[in-house]
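Reproduced below: my_file-v8.txt, with compact mmCIF, C-alpha atoms.
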```txt
# COMPACT_ATOMS: atom_id res chain seq x y z
CA MET A 12 -49.17 -65.94 -223.29
CA LEU A 13 -45.97 -64.35 -224.63
CA ASP A 14 -46.08 -61.12 -226.59
CA SER A 15 -44.22 -60.60 -229.83
CA PHE A 16 -41.17 -59.13 -228.06
CA SER A 17 -40.85 -62.24 -225.89
CA LYS A 18 -41.11 -64.47 -228.92
CA ARG A 19 -38.24 -62.57 -230.51
CA VAL A 20 -36.17 -63.04 -227.32
CA ILE A 21 -36.85 -66.78 -227.46
CA SER A 22 -35.78 -66.81 -231.06
CA CYS A 23 -32.50 -65.02 -230.28
CA LEU A 24 -31.51 -66.50 -226.94
CA GLY A 25 -33.23 -69.88 -226.83
CA ALA A 26 -35.87 -71.17 -224.52
CA ALA A 27 -33.41 -72.15 -221.78
CA ALA A 28 -32.02 -68.64 -221.43
CA VAL A 29 -35.51 -67.10 -221.32
CA ALA A 30 -36.59 -69.60 -218.72
CA GLY A 31 -33.72 -68.43 -216.55
CA ALA A 32 -34.58 -64.80 -217.18
CA ILE A 33 -38.25 -65.37 -216.25
CA ALA A 34 -37.06 -67.02 -213.05
CA GLY A 35 -34.90 -63.99 -212.26
CA VAL A 36 -31.60 -65.74 -212.99
CA PRO A 37 -29.17 -63.94 -215.35
CA ALA A 38 -28.70 -65.82 -218.62
CA ALA A 39 -25.23 -67.37 -219.08
CA ALA A 40 -23.78 -69.85 -221.51
CA PRO A 41 -23.07 -73.14 -219.74
CA ALA A 42 -19.35 -73.79 -219.29
CA ALA A 43 -18.23 -76.77 -221.30
CA ASP A 44 -15.79 -79.12 -219.63
CA VAL A 45 -12.51 -79.67 -221.42
CA THR A 46 -10.84 -83.05 -221.07
CA ILE A 47 -7.11 -83.33 -221.68
CA THR A 48 -5.22 -86.60 -221.66
CA TYR A 49 -1.96 -87.17 -219.81
CA SER A 50 0.26 -90.17 -220.53
CA ASP A 51 3.20 -91.33 -218.44
CA TRP A 52 4.89 -94.69 -217.77
CA GLN A 53 4.87 -93.88 -214.05
CA LEU A 54 1.07 -93.94 -214.00
CA ALA A 55 1.37 -97.73 -214.10
CA GLN A 56 3.43 -97.82 -210.89
CA ASP A 57 1.66 -97.83 -207.54
CA ILE A 58 3.46 -95.04 -205.69
CA TRP A 59 4.24 -92.81 -208.67
CA GLY A 60 0.75 -93.33 -210.06
CA LYS A 61 -0.90 -92.28 -206.79
CA SER A 62 1.24 -89.13 -206.68
CA LEU A 63 0.22 -88.22 -210.20
CA ARG A 64 -3.46 -88.87 -209.59
CA ASP A 65 -3.32 -86.79 -206.40
CA ALA A 66 -1.78 -83.94 -208.38
CA PHE A 67 -4.45 -84.16 -211.08
CA ALA A 68 -7.20 -84.08 -208.46
CA GLU A 69 -5.71 -80.88 -207.05
CA PHE A 70 -5.35 -79.44 -210.56
CA GLU A 71 -9.02 -80.14 -211.35
CA LYS A 72 -10.01 -78.50 -208.09
CA GLN A 73 -8.05 -75.37 -208.98
CA ASN A 74 -9.21 -75.42 -212.61
CA PRO A 75 -12.92 -76.22 -212.72
CA GLY A 76 -13.95 -77.03 -216.26
CA ILE A 77 -10.73 -78.93 -217.06
CA LYS A 78 -10.64 -82.68 -216.55
CA VAL A 79 -7.53 -84.86 -216.79
CA ALA A 80 -7.85 -88.34 -218.27
CA THR A 81 -4.87 -90.57 -217.56
CA GLU A 82 -3.29 -93.00 -220.02
CA PRO A 83 -0.67 -95.32 -218.48
CA VAL A 84 1.92 -96.61 -220.91
CA ALA A 85 4.66 -99.21 -220.45
CA LEU A 86 8.10 -97.62 -220.65
CA ALA A 87 9.31 -100.19 -223.18
CA GLN A 88 6.37 -99.38 -225.51
CA ARG A 89 6.15 -95.66 -224.77
CA ASP A 90 7.95 -94.19 -227.77
CA VAL A 91 6.38 -96.53 -230.31
CA LYS A 92 2.92 -95.77 -228.94
CA PHE A 93 3.45 -92.00 -228.72
CA THR A 94 5.09 -91.50 -232.09
CA THR A 95 2.65 -93.74 -233.95
CA ALA A 96 -0.29 -91.82 -232.51
CA ILE A 97 1.25 -88.38 -233.05
CA ARG A 98 2.10 -89.12 -236.68
CA ALA A 99 -1.51 -90.18 -237.17
CA GLY A 100 -2.74 -86.82 -235.81
CA ALA A 101 -3.73 -88.19 -232.40
CA GLY A 102 -2.00 -88.99 -229.09
CA PRO A 103 -2.19 -87.62 -225.53
CA ASP A 104 -2.39 -83.86 -225.01
CA VAL A 105 0.41 -83.85 -222.45
CA PHE A 106 3.03 -86.54 -221.91
CA ALA A 107 6.27 -87.15 -220.06
CA LEU A 108 9.64 -88.15 -221.51
CA ASP A 109 13.07 -88.79 -220.09
CA ALA A 110 15.95 -86.98 -221.77
CA ASN A 111 17.02 -89.77 -224.15
CA PRO A 112 14.50 -89.43 -227.00
CA VAL A 113 13.75 -85.71 -226.69
CA LYS A 114 16.00 -84.45 -229.49
CA GLN A 115 14.46 -86.96 -231.87
CA TYR A 116 10.95 -85.83 -230.87
CA ILE A 117 11.94 -82.21 -231.49
CA ALA A 118 13.59 -82.96 -234.85
CA GLU A 119 10.57 -84.93 -236.05
CA GLY A 120 8.04 -82.32 -234.90
CA TRP A 121 6.46 -84.66 -232.36
CA VAL A 122 6.36 -82.02 -229.59
CA LYS A 123 4.91 -78.53 -229.62
CA ASP A 124 7.04 -75.40 -229.23
CA LEU A 125 6.22 -74.02 -225.77
CA THR A 126 8.08 -70.73 -226.23
CA PRO A 127 4.89 -68.66 -226.83
CA PHE A 128 3.39 -69.97 -223.58
CA ILE A 129 6.62 -69.36 -221.67
CA ASP A 130 6.84 -65.81 -223.04
CA LYS A 131 3.41 -65.08 -221.56
CA GLU A 132 4.72 -66.28 -218.19
CA GLY A 133 7.69 -63.94 -218.30
CA GLY A 134 10.08 -65.69 -220.68
CA LYS A 135 13.60 -65.85 -219.25
CA LYS A 136 12.35 -64.82 -215.82
CA TYR A 137 10.05 -67.86 -215.72
CA LEU A 138 12.91 -70.17 -216.74
CA GLU A 139 15.65 -68.76 -214.52
CA ASP A 140 14.77 -71.00 -211.55
CA PHE A 141 15.42 -74.14 -213.62
CA TYR A 142 18.95 -75.55 -213.77
CA ALA A 143 20.59 -74.41 -216.99
CA ARG A 144 21.70 -77.97 -217.77
CA ALA A 145 18.12 -79.16 -217.23
CA LEU A 146 17.00 -76.89 -220.06
CA ASP A 147 19.59 -78.28 -222.51
CA PRO A 148 17.65 -81.43 -223.51
CA VAL A 149 14.39 -79.53 -224.11
CA THR A 150 15.86 -76.54 -225.97
CA GLU A 151 16.70 -76.40 -229.67
CA GLY A 152 17.35 -73.40 -231.89
CA GLY A 153 16.49 -70.97 -229.11
CA LYS A 154 13.05 -72.53 -228.64
CA VAL A 155 11.89 -74.47 -225.58
CA PHE A 156 9.86 -77.60 -226.26
CA GLY A 157 9.42 -79.02 -222.77
CA ILE A 158 9.42 -78.08 -219.10
CA PRO A 159 11.87 -79.99 -216.86
CA LYS A 160 10.35 -81.55 -213.76
CA ASN A 161 13.05 -83.70 -212.12
CA ILE A 162 16.79 -84.19 -212.45
CA VAL A 163 18.92 -86.75 -210.57
CA ALA A 164 22.17 -88.69 -210.94
CA MET A 165 22.46 -92.46 -210.82
CA VAL A 166 24.15 -93.98 -207.77
CA MET A 167 24.66 -97.35 -206.10
CA VAL A 168 21.75 -98.42 -203.87
CA TYR A 169 22.64 -101.18 -201.41
CA ASN A 170 21.32 -103.13 -198.43
CA GLU A 171 23.64 -102.27 -195.55
CA PRO A 172 22.78 -105.25 -193.26
CA MET A 173 23.44 -107.68 -196.14
CA PHE A 174 26.87 -106.08 -196.59
CA LYS A 175 27.62 -106.50 -192.89
CA ASP A 176 26.43 -110.13 -192.88
CA ALA A 177 28.83 -110.84 -195.75
CA GLY A 178 31.73 -109.25 -193.88
CA ILE A 179 31.93 -106.21 -196.18
CA ALA A 180 32.88 -103.37 -193.88
CA LYS A 181 33.43 -100.67 -196.50
CA VAL A 182 31.37 -99.66 -199.49
CA PRO A 183 33.40 -100.52 -202.63
CA GLU A 184 34.86 -97.50 -204.38
CA THR A 185 36.74 -99.32 -207.14
CA TRP A 186 35.43 -101.92 -209.59
CA ASP A 187 37.93 -104.49 -208.31
CA ASP A 188 36.60 -104.13 -204.77
CA PHE A 189 33.04 -104.14 -206.10
CA ARG A 190 33.56 -107.43 -207.93
CA ALA A 191 35.04 -109.07 -204.84
CA ALA A 192 32.12 -107.82 -202.72
CA MET A 193 29.54 -109.15 -205.17
CA LYS A 194 31.13 -112.61 -205.00
CA LYS A 195 30.88 -112.58 -201.20
CA LEU A 196 27.23 -111.61 -201.36
CA THR A 197 26.34 -114.44 -203.76
CA LYS A 198 25.42 -117.51 -201.72
CA ALA A 199 22.83 -119.97 -200.50
CA THR A 200 21.03 -118.51 -197.51
CA LYS A 201 20.21 -122.03 -196.24
CA PRO A 202 23.01 -124.52 -195.59
CA GLY A 203 23.12 -127.09 -198.38
CA GLY A 204 20.49 -125.26 -200.40
CA PRO A 205 20.74 -123.68 -203.83
CA VAL A 206 22.13 -120.21 -204.37
CA ASP A 207 19.25 -117.85 -203.72
CA GLN A 208 21.04 -114.59 -203.02
CA TRP A 209 23.24 -112.69 -205.48
CA GLY A 210 25.38 -109.62 -205.25
CA TRP A 211 23.61 -107.47 -207.83
CA THR A 212 22.01 -107.32 -211.22
CA ILE A 213 22.33 -105.12 -214.25
CA VAL A 214 19.22 -103.98 -216.11
CA ALA A 215 19.56 -105.54 -219.56
CA ALA A 216 15.95 -105.23 -220.76
CA LYS A 217 14.96 -102.09 -222.62
CA ALA A 218 13.09 -100.40 -219.76
CA GLY A 219 15.78 -98.69 -217.70
CA PHE A 220 18.84 -100.06 -219.49
CA ASP A 221 20.16 -96.67 -220.61
CA LEU A 222 20.69 -95.11 -217.19
CA ARG A 223 22.16 -98.18 -215.52
CA PHE A 224 24.65 -99.51 -218.05
CA SER A 225 25.89 -96.05 -218.95
CA ALA A 226 26.81 -95.45 -215.30
CA ILE A 227 28.96 -98.61 -215.33
CA LEU A 228 30.62 -97.60 -218.61
CA ARG A 229 31.37 -94.12 -217.29
CA GLY A 230 32.62 -95.55 -214.02
CA PHE A 231 35.35 -97.22 -216.08
CA GLY A 232 36.15 -93.89 -217.76
CA GLY A 233 34.47 -94.88 -221.02
CA ASP A 234 31.45 -93.71 -222.97
CA PHE A 235 29.30 -94.66 -225.93
CA LEU A 236 30.35 -91.85 -228.27
CA THR A 237 33.22 -89.43 -228.75
CA PRO A 238 32.70 -85.99 -227.13
CA ASP A 239 31.56 -84.48 -230.45
CA PHE A 240 28.97 -87.31 -230.86
CA LYS A 241 30.31 -88.05 -234.34
CA LYS A 242 31.85 -91.49 -233.76
CA SER A 243 31.53 -94.53 -231.55
CA ALA A 244 33.87 -94.65 -228.54
CA LEU A 245 33.32 -98.36 -227.96
CA ASP A 246 36.77 -99.27 -229.32
CA THR A 247 38.54 -97.62 -226.38
CA PRO A 248 40.30 -99.71 -223.71
CA GLN A 249 37.90 -98.33 -221.09
CA ALA A 250 34.79 -99.39 -223.02
CA LYS A 251 36.24 -102.82 -223.76
CA GLU A 252 37.09 -103.38 -220.10
CA ALA A 253 33.66 -102.30 -218.87
CA PHE A 254 31.88 -104.55 -221.38
CA LYS A 255 33.99 -107.59 -220.51
CA TYR A 256 33.66 -106.87 -216.79
CA VAL A 257 29.85 -107.07 -216.92
CA VAL A 258 29.76 -110.19 -219.10
CA ASP A 259 32.35 -111.95 -216.92
CA MET A 260 30.35 -111.23 -213.77
CA ILE A 261 27.36 -112.90 -215.42
CA HIS A 262 29.10 -115.94 -216.88
CA GLU A 263 32.17 -116.51 -214.70
CA ASP A 264 31.30 -115.09 -211.27
CA LYS A 265 27.59 -115.82 -211.56
CA SER A 266 27.06 -112.98 -209.11
CA MET A 267 23.84 -111.94 -210.87
CA PRO A 268 20.58 -113.94 -210.81
CA PRO A 269 19.75 -116.16 -213.81
CA GLY A 270 17.72 -114.52 -216.56
CA VAL A 271 19.51 -111.18 -216.38
CA ALA A 272 18.75 -110.53 -220.05
CA GLN A 273 15.08 -110.03 -219.16
CA VAL A 274 15.63 -107.87 -216.06
CA ASP A 275 14.13 -104.39 -216.37
CA ALA A 276 14.21 -101.54 -213.83
CA ASN A 277 11.15 -102.75 -211.93
CA ALA A 278 12.43 -106.32 -211.73
CA ALA A 279 15.71 -105.08 -210.25
CA ARG A 280 13.77 -103.11 -207.64
CA ARG A 281 11.75 -106.19 -206.76
CA MET A 282 14.88 -108.27 -206.33
CA LEU A 283 16.35 -105.69 -203.97
CA ALA A 284 13.05 -105.46 -202.09
CA ASN A 285 12.99 -109.24 -201.60
CA LYS A 286 16.69 -109.46 -200.66
CA GLN A 287 17.50 -111.58 -203.70
CA ILE A 288 20.22 -109.04 -204.48
CA ALA A 289 22.12 -106.61 -202.26
CA VAL A 290 22.92 -103.90 -204.82
CA LYS A 291 21.35 -102.20 -207.79
CA ILE A 292 22.03 -99.01 -209.69
CA GLY A 293 19.31 -96.46 -209.04
CA THR A 294 18.75 -93.09 -207.46
CA THR A 295 16.50 -91.34 -204.95
CA TRP A 296 13.35 -92.90 -206.39
CA SER A 297 14.61 -96.34 -205.35
CA LEU A 298 13.78 -95.77 -201.68
CA PRO A 299 9.99 -95.33 -201.95
CA GLU A 300 9.70 -97.80 -204.82
CA VAL A 301 11.65 -100.62 -203.17
CA SER A 302 10.15 -99.95 -199.75
CA GLY A 303 6.65 -99.99 -201.21
CA MET A 304 7.27 -103.35 -202.87
CA ASN A 305 8.12 -104.98 -199.54
CA PRO A 306 7.20 -103.03 -196.39
CA ASN A 307 8.78 -105.78 -194.30
CA LEU A 308 12.19 -104.85 -195.68
CA ASP A 309 12.15 -101.59 -193.70
CA GLY A 310 13.80 -100.02 -196.71
CA TRP A 311 14.07 -96.51 -195.33
CA LYS A 312 16.30 -97.91 -192.60
CA VAL A 313 18.36 -100.61 -194.33
CA LEU A 314 18.96 -99.12 -197.79
CA LYS A 315 21.86 -96.75 -198.32
CA MET A 316 23.37 -94.93 -201.29
CA ALA A 317 26.90 -94.33 -202.51
CA HIS A 318 28.57 -93.13 -205.68
CA ILE A 319 29.21 -95.45 -208.61
CA PRO A 320 32.54 -97.33 -208.30
CA GLN A 321 35.43 -96.19 -210.49
CA LYS A 322 38.38 -97.81 -212.18
CA VAL A 323 40.62 -95.12 -210.76
CA VAL A 324 39.18 -93.06 -207.92
CA ASP A 325 39.43 -89.32 -208.51
CA ASP A 326 37.38 -86.23 -207.84
CA LYS A 327 36.92 -84.90 -211.36
CA SER A 328 35.90 -87.44 -213.99
CA VAL A 329 32.33 -88.17 -215.00
CA ARG A 330 31.21 -91.36 -213.30
CA SER A 331 27.45 -91.38 -213.65
CA THR A 332 24.45 -90.50 -215.80
CA LEU A 333 21.83 -87.82 -215.38
CA TYR A 334 18.15 -88.68 -215.51
CA GLN A 335 15.61 -86.03 -216.31
CA LYS A 336 11.86 -86.15 -216.64
CA SER A 337 10.20 -83.33 -218.56
CA LEU A 338 6.67 -82.53 -219.67
CA PHE A 339 5.67 -81.98 -223.29
CA MET A 340 2.64 -80.92 -225.32
CA ASN A 341 1.37 -82.83 -228.31
CA PRO A 342 1.34 -80.67 -231.48
CA ASN A 343 -2.05 -82.25 -232.27
CA THR A 344 -3.76 -81.06 -229.09
CA LYS A 345 -7.05 -79.27 -229.58
CA ASN A 346 -6.80 -77.65 -226.15
CA PRO A 347 -3.34 -76.07 -225.97
CA GLU A 348 -4.24 -73.52 -223.28
CA ALA A 349 -5.61 -76.20 -220.96
CA ALA A 350 -2.62 -78.42 -221.72
CA TRP A 351 -0.23 -75.60 -220.84
CA LYS A 352 -2.07 -74.99 -217.56
CA LEU A 353 -1.47 -78.61 -216.61
CA ILE A 354 2.22 -78.50 -217.56
CA LYS A 355 2.74 -75.28 -215.64
CA PHE A 356 0.90 -76.67 -212.59
CA MET A 357 2.97 -79.88 -212.55
CA ALA A 358 6.19 -77.82 -212.62
CA GLU A 359 5.21 -75.49 -209.77
CA GLN A 360 7.39 -75.41 -206.67
CA LYS A 361 4.62 -76.82 -204.47
CA GLN A 362 4.09 -79.80 -206.76
CA MET A 363 7.81 -80.48 -206.97
CA GLN A 364 8.03 -80.42 -203.18
CA LYS A 365 5.20 -82.94 -202.97
CA TRP A 366 6.95 -85.07 -205.59
CA PHE A 367 9.95 -85.24 -203.28
CA ASP A 368 7.78 -86.02 -200.25
CA ASP A 369 6.08 -88.86 -202.14
CA ASN A 370 8.91 -90.19 -204.30
CA LEU A 371 12.18 -88.71 -203.00
CA MET A 372 12.76 -87.09 -206.39
CA LEU A 373 14.89 -83.98 -206.69
CA SER A 374 13.52 -80.99 -208.56
CA ALA A 375 14.67 -79.37 -211.78
CA ARG A 376 14.08 -76.09 -209.94
CA LYS A 377 17.12 -74.81 -208.02
CA SER A 378 14.99 -73.09 -205.38
CA VAL A 379 13.28 -76.34 -204.39
CA ASN A 380 16.51 -78.33 -203.94
CA THR A 381 18.30 -75.59 -202.03
CA THR A 382 15.54 -74.32 -199.74
CA TYR A 383 13.04 -77.14 -199.14
CA LYS A 384 14.03 -78.48 -195.72
CA PRO A 385 13.17 -82.17 -196.28
CA ILE A 386 15.55 -82.17 -199.26
CA VAL A 387 18.31 -80.29 -197.44
CA ASP A 388 18.04 -82.69 -194.48
CA SER A 389 17.87 -85.94 -196.48
CA PRO A 390 21.12 -87.98 -196.62
CA TYR A 391 19.81 -89.67 -199.78
CA ALA A 392 19.13 -86.34 -201.48
CA VAL A 393 22.55 -85.03 -200.45
CA THR A 394 24.32 -88.11 -201.89
CA VAL A 395 22.54 -87.78 -205.22
CA THR A 396 22.84 -83.99 -205.38
CA ASN A 397 26.61 -84.30 -204.85
CA GLU A 398 26.78 -86.59 -207.90
CA ILE A 399 24.92 -84.27 -210.28
CA ASP A 400 28.17 -82.43 -211.10
CA ARG A 401 29.91 -85.80 -211.64
CA ALA A 402 27.27 -86.98 -214.09
CA ALA A 403 26.29 -86.20 -217.67
CA PHE A 404 23.31 -86.70 -219.93
CA LEU A 405 23.43 -89.39 -222.54
CA PRO A 406 24.08 -88.01 -226.06
CA LEU A 407 21.49 -85.36 -226.87
CA ILE A 408 21.17 -86.18 -230.56
CA PRO A 409 18.20 -87.42 -232.60
CA LYS A 410 19.91 -90.72 -233.48
CA TRP A 411 20.56 -91.64 -229.85
CA PRO A 412 17.57 -94.02 -229.33
CA GLU A 413 18.68 -96.11 -232.33
CA ILE A 414 22.30 -96.08 -231.17
CA LEU A 415 21.37 -97.18 -227.66
CA GLU A 416 19.21 -100.05 -228.89
CA THR A 417 22.00 -101.17 -231.23
CA PHE A 418 24.39 -101.35 -228.29
CA ARG A 419 21.87 -103.13 -226.05
CA THR A 420 21.11 -105.75 -228.72
CA ASN A 421 24.80 -106.59 -229.03
CA LEU A 422 25.18 -106.83 -225.26
CA GLN A 423 22.25 -109.25 -225.27
CA ASP A 424 24.15 -111.37 -227.82
CA ALA A 425 27.14 -111.49 -225.48
CA ILE A 426 24.92 -112.41 -222.52
CA ALA A 427 23.27 -115.17 -224.56
CA LYS A 428 26.71 -116.36 -225.73
CA THR A 429 25.69 -116.11 -229.38
CA LYS A 430 28.72 -113.84 -229.81
CA ALA A 431 31.96 -113.55 -227.88
CA PRO A 432 32.09 -110.32 -225.86
CA GLU A 433 34.86 -108.88 -228.03
CA ALA A 434 32.94 -109.65 -231.24
CA ALA A 435 29.67 -108.29 -229.86
CA LEU A 436 31.28 -105.01 -228.81
CA ALA A 437 33.11 -104.65 -232.13
CA ASN A 438 29.83 -105.26 -233.93
CA ALA A 439 28.13 -102.56 -231.87
CA HIS A 440 31.01 -100.17 -232.59
CA ASN A 441 30.79 -100.68 -236.36
CA GLN A 442 27.00 -100.51 -236.50
CA ILE A 443 26.93 -97.29 -234.46
CA ASN A 444 29.50 -95.67 -236.74
CA ALA A 445 27.33 -96.61 -239.69
CA ILE A 446 24.31 -94.98 -238.02
CA LEU A 447 26.27 -91.80 -237.30
CA ALA A 448 27.56 -91.67 -240.88
CA ARG A 449 24.04 -91.53 -242.32
CA PRO A 450 22.77 -88.10 -243.34
```

Rewrite the structure from the file as structure tokens, please.
Amino acid sequence: MLDSFSKRVISCLGAAAVAGAIAGVPAAAPAADVTITYSDWQLAQDIWGKSLRDAFAEFEKQNPGIKVATEPVALAQRDVKFTTAIRAGAGPDVFALDANPVKQYIAEGWVKDLTPFIDKEGGKKYLEDFYARALDPVTEGGKVFGIPKNIVAMVMVYNEPMFKDAGIAKVPETWDDFRAAMKKLTKATKPGGPVDQWGWTIVAAKAGFDLRFSAILRGFGGDFLTPDFKKSALDTPQAKEAFKYVVDMIHEDKSMPPGVAQVDANAARRMLANKQIAVKIGTTWSLPEVSGMNPNLDGWKVLKMAHIPQKVVDDKSVRSTLYQKSLFMNPNTKNPEAAWKLIKFMAEQKQMQKWFDDNLMLSARKSVNTTYKPIVDSPYAVTVTNEIDRAAFLPLIPKWPEILETFRTNLQDAIAKTKAPEAALANAHNQINAILARP
């Protein structure tokens, strides 16, 4: 029988708390689990996805009470899915983006300002280990909207034994030599059979197009826009030559497999893994991805890397494109502190080291790339690191995604022969100038 004092305790604390007190256990409010969602196109890939899930398991272990729910998204549908959800007041708490659409996300208010969180971590001191150029895409108006995770340059990834079998003793450094080598590599592997091996393939589908074609364009000394990003640069001799070069290798040389218009980044990896092609444009991530697709290839042994060919070989001009993956917070998140903990955890040195161990990806942190022994000792990492200073980001402007898709659509017209290459490129040039002229 409880006295009046006990009844008042029950009234104030609740029966569950009193039950604990009677049992001699101090009363405490039960900790409520917080679930935050993380979305990333690499969740849908076997090796990358496993690395991410391993990291989340470790994060949950270190942060009891916070659960991470994963939401894979196809790269080609990523931005439509994210922006539609964010504008509707929903979307994942934390998500990853490459550098291309970031300025548009910032301009539209689709990512949360992380500066207050960074200030609590030490502000400039927290950021000083990140490459300054890695912070450029995620910074606007003195505010930081994302945390860089990885940065790499695009290079040529090739099957060395296939080169030797074709009598190619030296890796091509110029586009003329490259074209001749691709012709040699295109053949029927069985006497009298159909052609079933090709030199290379471009990525013409949306997923991965940006990084690959831009490296070719820059290898010719061209670019999409003028240096001030105010006009199209597709009317230059360099751009015209690069565009025609690619289309001619599809239609005249036939040194790329049929159906190139539909080839995305994963399809190109699969072709290299299955020895359908000998070359693709990629970077450090190609080794684990391609090797995982076909263990019988012995990719870690047969695949090599070299810089993108050039029209005129020199040691100064930009000849490649930088890729960067960064982490962002949704402005609609109801759990910003938990979301920040996840972002910070994923950008820690230890996690970046594991990311290299799993995926051969270089870090956006200087200390990781310069002191982590597996990176310092890796010939692949050294090749790509040496190219970072020879590479540049694609235009960091809000209109860039629209500009890129305009160019890709016109290239598709040239591939499909619905427009002559010259007409398709001129059309892209005029349409891009119209986009840039809009307020």

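What separates CA of Ala85 (chain A) from CA of Lys286 (chain A) is a distance of 25.3 Å.
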
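Around Ser266 (chain A), within 6 Å and counting all atoms listed in the file, the residues found are Lys194, Thr197, Trp209, Gly210 and Met260 of chain A, once anything fewer than 6 positions away on its own chain is removed.
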
How close does region 94-212 of chain A get to region 412-436 of chain A? List, as a tab-separated table, each residue of region 94-212 of chain A within 9 Å, its nearest atom pair and the distance in Å to one decimal, counting only C-alpha atoms.
```
residue	atom	partner	partner_atom	distance
A:Asn111	CA	A:Pro412	CA	6.7
A:Pro112	CA	A:Pro412	CA	6.0
A:Gln115	CA	A:Pro412	CA	8.1
```

Legend entry - Closest of A:Met357, A:Met316, A:Ile292, A:Ala199 to Glu69 (chain A) - atom-to-atom distances counting all atoms listed in the file: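 Closest candidate: A:Met357.
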
Inset, instruction - Scan for residues within 12 Å of the point (41.0, -96.3, -229.9) in the coordinates of the file, using only C-alpha atoms, and reply as number ranges by chain. - result: A: 233, 236-237, 242-251, 437, 440

Legend entry - Selection: 12 Å around Gly303 (chain A), all atoms listed in the file, excl. self and same-chain fewer than 5 positions, as a list of chain:residue names: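 Counting only the stated atoms, we get A:Gln56, A:Asp57, A:Ile58, A:Trp59, A:Asn277, A:Arg280, A:Arg281, A:Leu283, A:Ala284, A:Asn285, A:Trp296, A:Ser297, A:Leu298, A:Leu308, A:Asp309, A:Gly310, A:Trp311, A:Asp369, A:Asn370.
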
Inset, instruction - Give the answer as one residue: which of A:Val79, A:Val163, A:Met173, A:Met363 has the shortest atom-to-atom distance to Asp400 (chain A), using all atoms listed in the file? - result: A:Val163
